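Step one of this worksheet: look at the structure below.
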Amino acid sequence: MKILVCITNVPDTTAKITFTDNDTKLNKAGVQFIIGPYDDYALARAVELKEQLGGSVTVLHVGEAEADPQIRKALAIGADDAIRINADPVDSYFTAAQIAHIASENKYDLILMGRESIDFNSGVVHGLVGEMLGIPSYSPVMKLEISGTTATLAREIDGGKETLTAELPLVLGCQEPISEWKIPNMRGIMTARTKPLVVVEPVSVEEMTIPEQYSLPAPKGACRMIPASEAETLIKLLRTEAKVI
Amino acid sequence: MSVLIFVELDNGSVKKTSLEAVAYGAEVAKLTGTTATVLALGAAETSALEQTGNFGATKVLHVSDEKLSHENSLAYADVLAQAVQQENSKVIIISKSGLGDAVAARASAKLKAGIVSGVTELPVIDNGFSVKRSIYTGKAFSTVEVKSDIKILVVKKNAIEALEGTGIAKIESFTPTLRDSDFLASVGQIEKASSELSLTEADIIVSGGRGMKGPDNWQPLLDFAHALGAATGCSKPVSDLDWRPHHEHIGQTGIKVAPNLYIACGISGAIQHLAGVNGSKYIVVINKDPEAPFFKAADYGIVGDIFDVLPKLTKAVQDLK
Ligand SMILES: Cc1cc2nc3c(=O)[nH]c(=O)nc-3n(C[C@H](O)[C@H](O)[C@H](O)COP(=O)(O)OP(=O)(O)OC[C@H]3O[C@@H](n4cnc5c(N)ncnc54)[C@H](O)[C@@H]3O)c2cc1C
Ligand SMILES: Nc1ncnc2c1ncn2[C@@H]1O[C@H](COP(=O)(O)O)[C@@H](O)[C@H]1O
């Protein structure tokens with residue numbers, strides 16, 4: 001079983017987002033970066049599947065060297081080797097084309113990703129990669145079992161879930177409860193230092209979209225407090241003032 | 001050249017979020033001097049398809065093949081690409097959902113079309129084509145210039161106010177080539193709580209957190225939601241503890257919702273929870289702790305015990321009727 005796990009390097013979920021350079025760049029000062037939380041589920045399940053079935057787990061990131069600590073963390077969690085495509089991706093199409101290029105050269109049985117990145121929240125890279133490789137993609141996947149060359153998975157559909165059986169190779173976008181986040185142990189951290197991290201240059205891709213400018217939401221007005229003893233007043237205000245009920 | 005809008009069906013009718021996408025597509029059609037065409041796949045009520053006319057569509061391409069009644073992003077993207085070719089469409093509109101993103105992604109790779117997901121406003125079309133989208137889970141926005149000839153916009157709920165007017169959409173049947181390779185997966189069990197209102201479609205959501213104190217205490221919250229005709233949601237620990245089903249989990253790592261009214265009961269307002277609700281028009285917070293961070297993100301607040309406040313609110317709603 002050869003598994004590829006694609007990870008993002010994103011601001012911590014509690015990070016305050018601000019911009020610099022006339023709102024054209026993320027202000028990274030004081031921001032802690034993490035492996036995307038959904039990617040972390042994908043990685044955890046990949047490591048479990050490898051323990052169960054044998055094979056290898058490769059992590060892949062499209063981004064610059066600042067992501068190396070997160071890639072090392074993925075190795076410490078249990079991936080065997082890593083590839084970083086040295087580019088600052090402009091959009092999902094670019095990222096997907098890089099991943100598809102690596103995948104077409106290496107014939108993975110499974111390509112696991114997060115359901116979405118928490119910086120761009122697009123939820124499209126898995127579908128793009130699947131189509132570029134001509135193989136099925138499913139997301140969000142909440143349960144994944146492999147037996148031989150067949151995958152049984154549960155995925156979320158609007159207001160519920162369904163079970164699917166499909167033949168490998170597949171591209172899957174993962175979310176909880178597919179697995180539980182893994183924390184690297186001391187041995188993992190030690191061995192991660194010597195595991196291979198290969199840096200490759202990107203292939204060229206047509207320009208589809210260009211980010212021009214970032215902005216922040218308008219600040220929220222003050223909260224109107226209603227005493228608990230007059231809770232009914234809330235319902236009146238929702239009807240007459242906010243007009244939402 | 002028409003703007004093509006991919007809609008999702010639910011039991012033969014067009015989902016509300018998709019009707020919003022139709023209204024959005026009709027506005028884009030006005031801006032680009034063309035018309036709006038809807039693409040609907042699978043079994044559908046004729047009246048439901050015609051209703052898209054009230055939101056500005058002039059034509060509906062309907063593929064009535066039963067094979068397409070089951071959610072299948074591979075086949076849907078295939079059909080969408082064929083419709084784009086037939087209509088010579090340059091702009092494709094899809095409402096944001098797991099399915100919408102998957103269809104958009106696969107169609108983007110087929111058509112070599114630039115894709116922008118999470119769009120929150122109408123595009124600005126003067127010298128180019130730029131559009132605003134939500135990023136960092138609602139903490140920021142990005143304005144993006146779309147360069148490709150064909151453009152796919154995946155639109156968030158409430159990106160525009162979808163006003164229902166009157167109009168007639170002409171229904172045409174469309175017979176694309178379906179590929180066997182898109183139907184290889186076999187579908188097993190489907191667990192769908194069909195009676196419940198879906199969170200992503202709901203106008204009102206009542207949501208509970210750890211302050212509900214256990215799985216057996218939800219009746220007052222359910223009663224309140226029922227009185228309002230609201231869907232119910234919860235915080236992550238609540239679904240982790242199995243007090244409520246996983247598909248109700250709202251936030252950064254759960255479902256992102258954008259109702260007109262979000263009512264949080266006994267939820268502290270951690271930044272990861274707020275990330276899933278910051279698209280809501282109005283937020284109400286009920287919490288016994290006046291320092292709960294959620295009040296900073298709220299429009300209306302009550303400091304009090306949920307078990308004392310909720311029955312009063314339910315009664316007040318019932319009295320409105
Ligand atoms: C990577 C990551 C991702 C995460 N993703 C999510 C996510 O998607 N969604 C999410 O929700 N969380 C998420 N979390 C967890 C988040 O940080 C918080 O722990 C969680 O939201 C807290 O849930 P809560 O508000 O229900 O519980 P608590 O923080 O325990 O708050 C309970 C609240 O109830 C109030 N209360 C108690 N009793 C009463 C009463 N009788 N009447 C009125 N009020 C009462 C208390 O004052 C308190 O404010 C994530 C965390 C991490 C690290
Ligand atoms: N720069 C990247 N490098 C590697 N994987 C990525 C990158 N961007 C996105 N992905 C993968 O694609 C998934 C979906 O991302 P997105 O479409 O941006 O929401 C993520 O959870 C990752 O698994």
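Residues are named by chain letter and number: chains run A, B, ... in the order of the structure tokens, numbers start at 1 in each chain, and ligands are numbered from 1 in the order shown.
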
Could you produce a table of the residues of chain A lying within 8 Å of ligand 2, with the nearest pair of atoms per residue and their separation in Å rounded to one decimal, using only C-alpha atoms and all ligand atoms, ordered by chain and increasing residue number, as JSON lines?
```
{"residue": "A:Val5", "atom": "CA", "partner": "ligand 2", "partner_atom_place_in_ligand_line": "23 (O)", "distance": 6.9}
{"residue": "A:Cys6", "atom": "CA", "partner": "ligand 2", "partner_atom_place_in_ligand_line": "5 (N)", "distance": 4.0}
{"residue": "A:Ile7", "atom": "CA", "partner": "ligand 2", "partner_atom_place_in_ligand_line": "5 (N)", "distance": 4.3}
{"residue": "A:Thr8", "atom": "CA", "partner": "ligand 2", "partner_atom_place_in_ligand_line": "2 (C)", "distance": 4.8}
{"residue": "A:Asn9", "atom": "CA", "partner": "ligand 2", "partner_atom_place_in_ligand_line": "1 (N)", "distance": 7.3}
{"residue": "A:Gly36", "atom": "CA", "partner": "ligand 2", "partner_atom_place_in_ligand_line": "21 (O)", "distance": 6.5}
{"residue": "A:Tyr38", "atom": "CA", "partner": "ligand 2", "partner_atom_place_in_ligand_line": "21 (O)", "distance": 5.8}
{"residue": "A:Asp39", "atom": "CA", "partner": "ligand 2", "partner_atom_place_in_ligand_line": "21 (O)", "distance": 5.0}
{"residue": "A:Ala42", "atom": "CA", "partner": "ligand 2", "partner_atom_place_in_ligand_line": "23 (O)", "distance": 7.7}
{"residue": "A:Leu60", "atom": "CA", "partner": "ligand 2", "partner_atom_place_in_ligand_line": "4 (C)", "distance": 5.6}
{"residue": "A:His61", "atom": "CA", "partner": "ligand 2", "partner_atom_place_in_ligand_line": "3 (N)", "distance": 3.7}
{"residue": "A:Val62", "atom": "CA", "partner": "ligand 2", "partner_atom_place_in_ligand_line": "3 (N)", "distance": 3.7}
{"residue": "A:Gly63", "atom": "CA", "partner": "ligand 2", "partner_atom_place_in_ligand_line": "1 (N)", "distance": 5.5}
{"residue": "A:Asp88", "atom": "CA", "partner": "ligand 2", "partner_atom_place_in_ligand_line": "1 (N)", "distance": 7.9}
{"residue": "A:Pro89", "atom": "CA", "partner": "ligand 2", "partner_atom_place_in_ligand_line": "1 (N)", "distance": 6.3}
{"residue": "A:Ser92", "atom": "CA", "partner": "ligand 2", "partner_atom_place_in_ligand_line": "18 (O)", "distance": 5.9}
{"residue": "A:Thr95", "atom": "CA", "partner": "ligand 2", "partner_atom_place_in_ligand_line": "1 (N)", "distance": 5.7}
{"residue": "A:Ala96", "atom": "CA", "partner": "ligand 2", "partner_atom_place_in_ligand_line": "10 (N)", "distance": 7.6}
{"residue": "A:Ile99", "atom": "CA", "partner": "ligand 2", "partner_atom_place_in_ligand_line": "4 (C)", "distance": 7.2}
{"residue": "A:Leu112", "atom": "CA", "partner": "ligand 2", "partner_atom_place_in_ligand_line": "23 (O)", "distance": 6.8}
{"residue": "A:Met113", "atom": "CA", "partner": "ligand 2", "partner_atom_place_in_ligand_line": "23 (O)", "distance": 3.3}
{"residue": "A:Gly114", "atom": "CA", "partner": "ligand 2", "partner_atom_place_in_ligand_line": "21 (O)", "distance": 3.1}
{"residue": "A:Arg115", "atom": "CA", "partner": "ligand 2", "partner_atom_place_in_ligand_line": "21 (O)", "distance": 5.2}
{"residue": "A:Glu116", "atom": "CA", "partner": "ligand 2", "partner_atom_place_in_ligand_line": "19 (O)", "distance": 3.3}
{"residue": "A:Ser117", "atom": "CA", "partner": "ligand 2", "partner_atom_place_in_ligand_line": "19 (O)", "distance": 3.8}
{"residue": "A:Ile118", "atom": "CA", "partner": "ligand 2", "partner_atom_place_in_ligand_line": "19 (O)", "distance": 6.8}
{"residue": "A:Asp119", "atom": "CA", "partner": "ligand 2", "partner_atom_place_in_ligand_line": "18 (O)", "distance": 7.2}
{"residue": "A:Phe120", "atom": "CA", "partner": "ligand 2", "partner_atom_place_in_ligand_line": "18 (O)", "distance": 5.1}
{"residue": "A:Asn121", "atom": "CA", "partner": "ligand 2", "partner_atom_place_in_ligand_line": "19 (O)", "distance": 4.2}
{"residue": "A:Ser122", "atom": "CA", "partner": "ligand 2", "partner_atom_place_in_ligand_line": "19 (O)", "distance": 3.7}
{"residue": "A:Gly123", "atom": "CA", "partner": "ligand 2", "partner_atom_place_in_ligand_line": "19 (O)", "distance": 3.5}
{"residue": "A:Val124", "atom": "CA", "partner": "ligand 2", "partner_atom_place_in_ligand_line": "17 (O)", "distance": 3.8}
{"residue": "A:Val125", "atom": "CA", "partner": "ligand 2", "partner_atom_place_in_ligand_line": "17 (O)", "distance": 3.9}
{"residue": "A:His126", "atom": "CA", "partner": "ligand 2", "partner_atom_place_in_ligand_line": "12 (O)", "distance": 5.7}
{"residue": "A:Gly173", "atom": "CA", "partner": "ligand 2", "partner_atom_place_in_ligand_line": "13 (C)", "distance": 6.7}
{"residue": "A:Cys174", "atom": "CA", "partner": "ligand 2", "partner_atom_place_in_ligand_line": "21 (O)", "distance": 7.8}
```

Chain A near ligand 1 within 12 Å: what's each residue's closest atom pair and its distance in Å to one decimal, counting only C-alpha atoms and all ligand atoms, ordered by chain then ascending residue number, as JSON lines?
```
{"residue": "A:Val10", "atom": "CA", "partner": "ligand 1", "partner_atom_place_in_ligand_line": "1 (C)", "distance": 11.2}
{"residue": "A:Pro11", "atom": "CA", "partner": "ligand 1", "partner_atom_place_in_ligand_line": "1 (C)", "distance": 10.6}
{"residue": "A:Asp12", "atom": "CA", "partner": "ligand 1", "partner_atom_place_in_ligand_line": "1 (C)", "distance": 7.6}
{"residue": "A:Thr13", "atom": "CA", "partner": "ligand 1", "partner_atom_place_in_ligand_line": "1 (C)", "distance": 5.8}
{"residue": "A:Thr14", "atom": "CA", "partner": "ligand 1", "partner_atom_place_in_ligand_line": "53 (C)", "distance": 8.1}
{"residue": "A:Ala15", "atom": "CA", "partner": "ligand 1", "partner_atom_place_in_ligand_line": "1 (C)", "distance": 11.1}
{"residue": "A:Phe33", "atom": "CA", "partner": "ligand 1", "partner_atom_place_in_ligand_line": "1 (C)", "distance": 11.7}
{"residue": "A:Ile34", "atom": "CA", "partner": "ligand 1", "partner_atom_place_in_ligand_line": "1 (C)", "distance": 9.3}
{"residue": "A:Ile35", "atom": "CA", "partner": "ligand 1", "partner_atom_place_in_ligand_line": "1 (C)", "distance": 9.8}
{"residue": "A:Gly36", "atom": "CA", "partner": "ligand 1", "partner_atom_place_in_ligand_line": "1 (C)", "distance": 8.4}
{"residue": "A:Pro37", "atom": "CA", "partner": "ligand 1", "partner_atom_place_in_ligand_line": "1 (C)", "distance": 5.7}
{"residue": "A:Tyr38", "atom": "CA", "partner": "ligand 1", "partner_atom_place_in_ligand_line": "1 (C)", "distance": 8.8}
{"residue": "A:Asp39", "atom": "CA", "partner": "ligand 1", "partner_atom_place_in_ligand_line": "1 (C)", "distance": 11.1}
{"residue": "A:Asp40", "atom": "CA", "partner": "ligand 1", "partner_atom_place_in_ligand_line": "1 (C)", "distance": 9.6}
{"residue": "A:Tyr41", "atom": "CA", "partner": "ligand 1", "partner_atom_place_in_ligand_line": "1 (C)", "distance": 10.8}
{"residue": "A:Ile118", "atom": "CA", "partner": "ligand 1", "partner_atom_place_in_ligand_line": "1 (C)", "distance": 10.0}
{"residue": "A:Gln175", "atom": "CA", "partner": "ligand 1", "partner_atom_place_in_ligand_line": "8 (O)", "distance": 11.0}
{"residue": "A:Glu176", "atom": "CA", "partner": "ligand 1", "partner_atom_place_in_ligand_line": "8 (O)", "distance": 10.4}
{"residue": "A:Glu180", "atom": "CA", "partner": "ligand 1", "partner_atom_place_in_ligand_line": "1 (C)", "distance": 11.7}
{"residue": "A:Trp181", "atom": "CA", "partner": "ligand 1", "partner_atom_place_in_ligand_line": "1 (C)", "distance": 9.6}
{"residue": "A:Ala228", "atom": "CA", "partner": "ligand 1", "partner_atom_place_in_ligand_line": "43 (C)", "distance": 10.8}
```

Expected file contents, prior selection, C-alpha atoms, as a compact mmCIF listing (two decimals), in the first residue's frame:
```txt
# COMPACT_ATOMS: atom_id res chain seq x y z
CA VAL A 10 -1.45 27.11 7.92
CA PRO A 11 -1.85 29.64 10.74
CA ASP A 12 -2.93 28.04 14.01
CA THR A 13 -6.72 27.97 14.44
CA THR A 14 -6.52 30.66 17.16
CA ALA A 15 -4.31 33.00 15.10
CA PHE A 33 1.96 27.65 11.87
CA ILE A 34 0.52 24.14 12.04
CA ILE A 35 -0.33 21.20 9.79
CA GLY A 36 -3.91 21.82 8.59
CA PRO A 37 -6.28 20.13 11.10
CA TYR A 38 -8.04 18.08 8.40
CA ASP A 39 -4.71 17.10 6.84
CA ASP A 40 -3.71 15.91 10.30
CA TYR A 41 -6.66 13.47 10.29
CA ILE A 118 -8.08 26.30 6.70
CA GLN A 175 -12.29 14.73 8.25
CA GLU A 176 -12.98 13.44 11.74
CA GLU A 180 -7.64 10.83 15.98
CA TRP A 181 -4.89 13.41 15.73
CA ALA A 228 -32.68 37.22 31.84
```

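The shortest atom-to-atom distance to Ala97 in chain A, with only C-alpha atoms taken into account, belongs to B:Ala109 out of B:Ala109, B:Leu222, B:Ile306, B:Ala21.
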
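With distances restricted to only C-alpha atoms, B:Ala102 is the closest residue to chain A from B:Leu4, B:Leu274, B:Ala102, B:Leu31.
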
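Closest approach to Ile111 in chain A from the set A:Ile157, A:Val129, A:Ala231, A:Ala79 is made by A:Val129, with distances taken over only C-alpha atoms.
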
Which one of A:Leu43, A:Ile83, A:Leu164, A:Val205 sits closest to chain B if you count only C-alpha atoms? A:Leu164

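Among B:Glu291, B:Glu248, B:Glu71, B:Asp65, the residue with the shortest atom-to-atom distance to Ser173 in chain B, counting only C-alpha atoms, is B:Asp65.
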
Residues of chain A no more than 7 Å from chain B, counting only C-alpha atoms: send them over as an MDAnalysis selection string. chainID A and resid 13:14 17 118:124 127:128 131:132 136 158:166 207:217 220 222:228 231:232 235 244

Would you please give, as an NGL selection string, all residues of range 188-227 of chain A that DSSP assigns to alpha helix (DSSP H) based on the backbone? :A and (188-192)

May I have all residues of range 108-209 of chain B that DSSP, computed from the backbone, assigns to strand (DSSP E or B), given as a PyMOL selection string? chain B and resi 114-119+124-125+129-135+140-146+151-155+170-173+186-192+204-208

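Close contacts of range 52-57 of chain B, defined as residues with an atom at most 9 Å away when counting only C-alpha atoms, with chain neighbours fewer than 4 positions off set aside, comprise Ile5, Val14, Leu19, Glu20, Val22, Ala23, Tyr24, Gly25, Ala26, Glu27, Thr35, Ala36, Thr37, Val38, Ala48, Ala162, Leu163, Glu164, Gly165, Thr166, Gly167, Ile168, Ala169 and Lys170 of chain B.
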
Could the residues in this selection be saved with N, CA, C and O atoms as an mmCIF file, in the first residue's frame?
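Writing done, so here's result_32.cif:
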```
data_model
loop_
_atom_site.group_PDB
_atom_site.id
_atom_site.type_symbol
_atom_site.label_atom_id
_atom_site.label_comp_id
_atom_site.auth_asym_id
_atom_site.auth_seq_id
_atom_site.Cartn_x
_atom_site.Cartn_y
_atom_site.Cartn_z
ATOM 1 N N ILE B 5 -25.774 27.796 -14.359
ATOM 2 C CA ILE B 5 -25.859 27.590 -12.910
ATOM 3 C C ILE B 5 -26.175 26.135 -12.634
ATOM 4 O O ILE B 5 -27.201 25.611 -13.078
ATOM 5 N N VAL B 14 -35.643 22.160 -6.037
ATOM 6 C CA VAL B 14 -34.337 22.821 -6.062
ATOM 7 C C VAL B 14 -34.031 23.345 -4.662
ATOM 8 O O VAL B 14 -34.860 24.006 -4.038
ATOM 9 N N LEU B 19 -31.178 28.023 -5.280
ATOM 10 C CA LEU B 19 -31.998 29.123 -5.824
ATOM 11 C C LEU B 19 -31.264 30.444 -5.649
ATOM 12 O O LEU B 19 -31.328 31.334 -6.513
ATOM 13 N N GLU B 20 -30.540 30.566 -4.520
ATOM 14 C CA GLU B 20 -29.708 31.762 -4.327
ATOM 15 C C GLU B 20 -28.651 31.846 -5.410
ATOM 16 O O GLU B 20 -28.356 32.929 -5.925
ATOM 17 N N VAL B 22 -28.928 30.677 -8.372
ATOM 18 C CA VAL B 22 -29.610 31.076 -9.607
ATOM 19 C C VAL B 22 -29.736 32.602 -9.655
ATOM 20 O O VAL B 22 -29.421 33.242 -10.665
ATOM 21 N N ALA B 23 -30.169 33.179 -8.516
ATOM 22 C CA ALA B 23 -30.313 34.641 -8.458
ATOM 23 C C ALA B 23 -28.962 35.315 -8.693
ATOM 24 O O ALA B 23 -28.865 36.326 -9.408
ATOM 25 N N TYR B 24 -27.916 34.742 -8.113
ATOM 26 C CA TYR B 24 -26.571 35.278 -8.301
ATOM 27 C C TYR B 24 -26.180 35.198 -9.786
ATOM 28 O O TYR B 24 -25.699 36.170 -10.377
ATOM 29 N N GLY B 25 -26.430 34.029 -10.364
ATOM 30 C CA GLY B 25 -26.092 33.820 -11.776
ATOM 31 C C GLY B 25 -26.846 34.783 -12.688
ATOM 32 O O GLY B 25 -26.299 35.289 -13.672
ATOM 33 N N ALA B 26 -28.107 35.046 -12.341
ATOM 34 C CA ALA B 26 -28.909 35.971 -13.153
ATOM 35 C C ALA B 26 -28.323 37.382 -13.099
ATOM 36 O O ALA B 26 -28.315 38.106 -14.101
ATOM 37 N N GLU B 27 -27.807 37.769 -11.907
ATOM 38 C CA GLU B 27 -27.165 39.089 -11.786
ATOM 39 C C GLU B 27 -25.884 39.146 -12.626
ATOM 40 O O GLU B 27 -25.603 40.146 -13.276
ATOM 41 N N THR B 35 -27.782 35.696 -20.733
ATOM 42 C CA THR B 35 -28.903 35.128 -19.977
ATOM 43 C C THR B 35 -28.406 34.025 -19.034
ATOM 44 O O THR B 35 -27.280 33.560 -19.154
ATOM 45 N N ALA B 36 -29.295 33.622 -18.113
ATOM 46 C CA ALA B 36 -28.924 32.615 -17.117
ATOM 47 C C ALA B 36 -29.611 31.294 -17.428
ATOM 48 O O ALA B 36 -30.829 31.227 -17.560
ATOM 49 N N THR B 37 -28.808 30.228 -17.544
ATOM 50 C CA THR B 37 -29.328 28.886 -17.798
ATOM 51 C C THR B 37 -29.026 27.996 -16.603
ATOM 52 O O THR B 37 -27.916 28.029 -16.065
ATOM 53 N N VAL B 38 -30.033 27.205 -16.196
ATOM 54 C CA VAL B 38 -29.863 26.307 -15.063
ATOM 55 C C VAL B 38 -29.599 24.896 -15.576
ATOM 56 O O VAL B 38 -30.194 24.468 -16.566
ATOM 57 N N ALA B 48 -40.894 22.785 -9.922
ATOM 58 C CA ALA B 48 -39.692 23.211 -9.185
ATOM 59 C C ALA B 48 -38.664 23.797 -10.150
ATOM 60 O O ALA B 48 -38.014 24.795 -9.839
ATOM 61 N N ALA B 162 -31.361 37.136 -2.434
ATOM 62 C CA ALA B 162 -32.090 36.515 -3.537
ATOM 63 C C ALA B 162 -33.570 36.848 -3.413
ATOM 64 O O ALA B 162 -34.282 36.272 -2.616
ATOM 65 N N LEU B 163 -34.011 37.825 -4.209
ATOM 66 C CA LEU B 163 -35.421 38.208 -4.140
ATOM 67 C C LEU B 163 -36.200 37.409 -5.175
ATOM 68 O O LEU B 163 -35.789 37.288 -6.322
ATOM 69 N N GLU B 164 -37.331 36.878 -4.731
ATOM 70 C CA GLU B 164 -38.125 36.077 -5.646
ATOM 71 C C GLU B 164 -39.067 36.990 -6.420
ATOM 72 O O GLU B 164 -39.827 37.752 -5.849
ATOM 73 N N GLY B 165 -38.976 36.952 -7.743
ATOM 74 C CA GLY B 165 -39.881 37.736 -8.577
ATOM 75 C C GLY B 165 -40.783 36.791 -9.343
ATOM 76 O O GLY B 165 -41.134 35.721 -8.846
ATOM 77 N N THR B 166 -41.137 37.187 -10.556
ATOM 78 C CA THR B 166 -41.877 36.256 -11.397
ATOM 79 C C THR B 166 -41.179 36.187 -12.737
ATOM 80 O O THR B 166 -40.717 37.190 -13.269
ATOM 81 N N GLY B 167 -41.084 35.008 -13.258
ATOM 82 C CA GLY B 167 -40.429 34.821 -14.550
ATOM 83 C C GLY B 167 -40.664 33.391 -14.973
ATOM 84 O O GLY B 167 -41.022 32.548 -14.162
ATOM 85 N N ILE B 168 -40.493 33.150 -16.246
ATOM 86 C CA ILE B 168 -40.707 31.792 -16.744
ATOM 87 C C ILE B 168 -39.385 31.246 -17.257
ATOM 88 O O ILE B 168 -38.711 31.894 -18.055
ATOM 89 N N ALA B 169 -39.028 30.083 -16.759
ATOM 90 C CA ALA B 169 -37.857 29.411 -17.308
ATOM 91 C C ALA B 169 -38.338 28.289 -18.213
ATOM 92 O O ALA B 169 -39.191 27.497 -17.844
ATOM 93 N N LYS B 170 -37.793 28.264 -19.413
ATOM 94 C CA LYS B 170 -38.171 27.250 -20.402
ATOM 95 C C LYS B 170 -37.368 25.975 -20.112
ATOM 96 O O LYS B 170 -36.143 26.031 -19.975
#
```

Using only C-alpha atoms, determine which residues lie at most 8 Å from Arg72 in chain A, disregarding the query and same-chain residues fewer than 3 positions distant; provide the list as a ChimeraX atom specification. /A:68-69,75-76,192-193

For those residues, write C-alpha atoms to a file as a tab-separated table (two decimals), in the first residue's frame.
```tsv
chain	number	residue	atom	x	y	z
A	68	ASP	CA	9.83	22.34	6.81
A	69	PRO	CA	9.17	22.15	10.59
A	75	LEU	CA	7.59	12.51	9.55
A	76	ALA	CA	7.72	12.29	13.34
A	192	ALA	CA	12.25	12.20	11.68
A	193	ARG	CA	15.54	14.12	11.56
```

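With CA of Ile85 in chain A on one side and CA of Glu105 in chain A on the other, the separation reads 14.1 Å.
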
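CA of Gln70 in chain A is positioned 18.4 Å from CA of Leu26 in chain A.
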
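Every protein or nucleic acid residue with an atom no more than 10 Å from Leu68 in chain B, counting only C-alpha atoms and leaving out same-chain residues fewer than 5 positions away, appears here: Ala40, Leu41, Gly42, Ala43, Val63, Ser73, Ala75, Tyr76, Val79, Leu178 and Phe183 of chain B.
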
Could you take the residues named above and write them with N, CA, C and O atoms, as a short mmCIF file (atom, residue, chain, number, x, y, z; two decimals), in the first residue's frame?
```cif
data_model
loop_
_atom_site.label_atom_id
_atom_site.label_comp_id
_atom_site.auth_asym_id
_atom_site.auth_seq_id
_atom_site.Cartn_x
_atom_site.Cartn_y
_atom_site.Cartn_z
N ALA B 40 -29.99 21.09 -14.22
CA ALA B 40 -30.55 20.28 -13.14
C ALA B 40 -30.45 18.81 -13.51
O ALA B 40 -30.84 18.42 -14.62
N LEU B 41 -29.93 18.00 -12.58
CA LEU B 41 -29.67 16.60 -12.89
C LEU B 41 -30.49 15.66 -12.01
O LEU B 41 -30.51 15.79 -10.79
N GLY B 42 -31.15 14.71 -12.64
CA GLY B 42 -31.91 13.71 -11.90
C GLY B 42 -33.39 14.05 -11.86
O GLY B 42 -33.84 15.05 -12.43
N ALA B 43 -34.14 13.20 -11.17
CA ALA B 43 -35.59 13.38 -11.10
C ALA B 43 -35.94 14.72 -10.49
O ALA B 43 -35.35 15.12 -9.48
N VAL B 63 -31.56 16.99 -17.16
CA VAL B 63 -31.19 15.62 -17.50
C VAL B 63 -31.99 14.73 -16.56
O VAL B 63 -31.71 14.68 -15.36
N SER B 73 -20.50 13.29 -7.85
CA SER B 73 -19.77 14.46 -8.35
C SER B 73 -19.00 14.14 -9.64
O SER B 73 -18.81 15.01 -10.47
N ALA B 75 -19.90 12.11 -12.19
CA ALA B 75 -20.81 12.20 -13.33
C ALA B 75 -21.34 13.62 -13.50
O ALA B 75 -21.46 14.12 -14.63
N TYR B 76 -21.63 14.29 -12.39
CA TYR B 76 -22.18 15.65 -12.48
C TYR B 76 -21.19 16.58 -13.19
O TYR B 76 -21.57 17.40 -14.02
N VAL B 79 -21.22 15.92 -16.92
CA VAL B 79 -22.40 16.49 -17.56
C VAL B 79 -22.28 18.01 -17.63
O VAL B 79 -22.59 18.64 -18.65
N LEU B 178 -23.15 9.67 -20.79
CA LEU B 178 -22.70 9.31 -19.44
C LEU B 178 -21.62 8.25 -19.57
O LEU B 178 -21.74 7.33 -20.36
N PHE B 183 -19.58 5.62 -12.68
CA PHE B 183 -20.59 4.93 -11.87
C PHE B 183 -20.07 3.63 -11.27
O PHE B 183 -20.82 2.70 -11.03
#
```

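By only C-alpha atoms, and with residues fewer than 5 positions from range 50-54 of chain A along its chain excluded, the set lying at most 12 Å from it is A:Met1, A:Lys2, A:Ile3, A:Leu4, A:Leu43, A:Ala44, A:Arg45, A:Gly78, A:Ala79, A:Asp80, A:Asp109, A:Leu110, A:Glu145, A:Ile146, A:Ser147, A:Gly148, A:Thr149.
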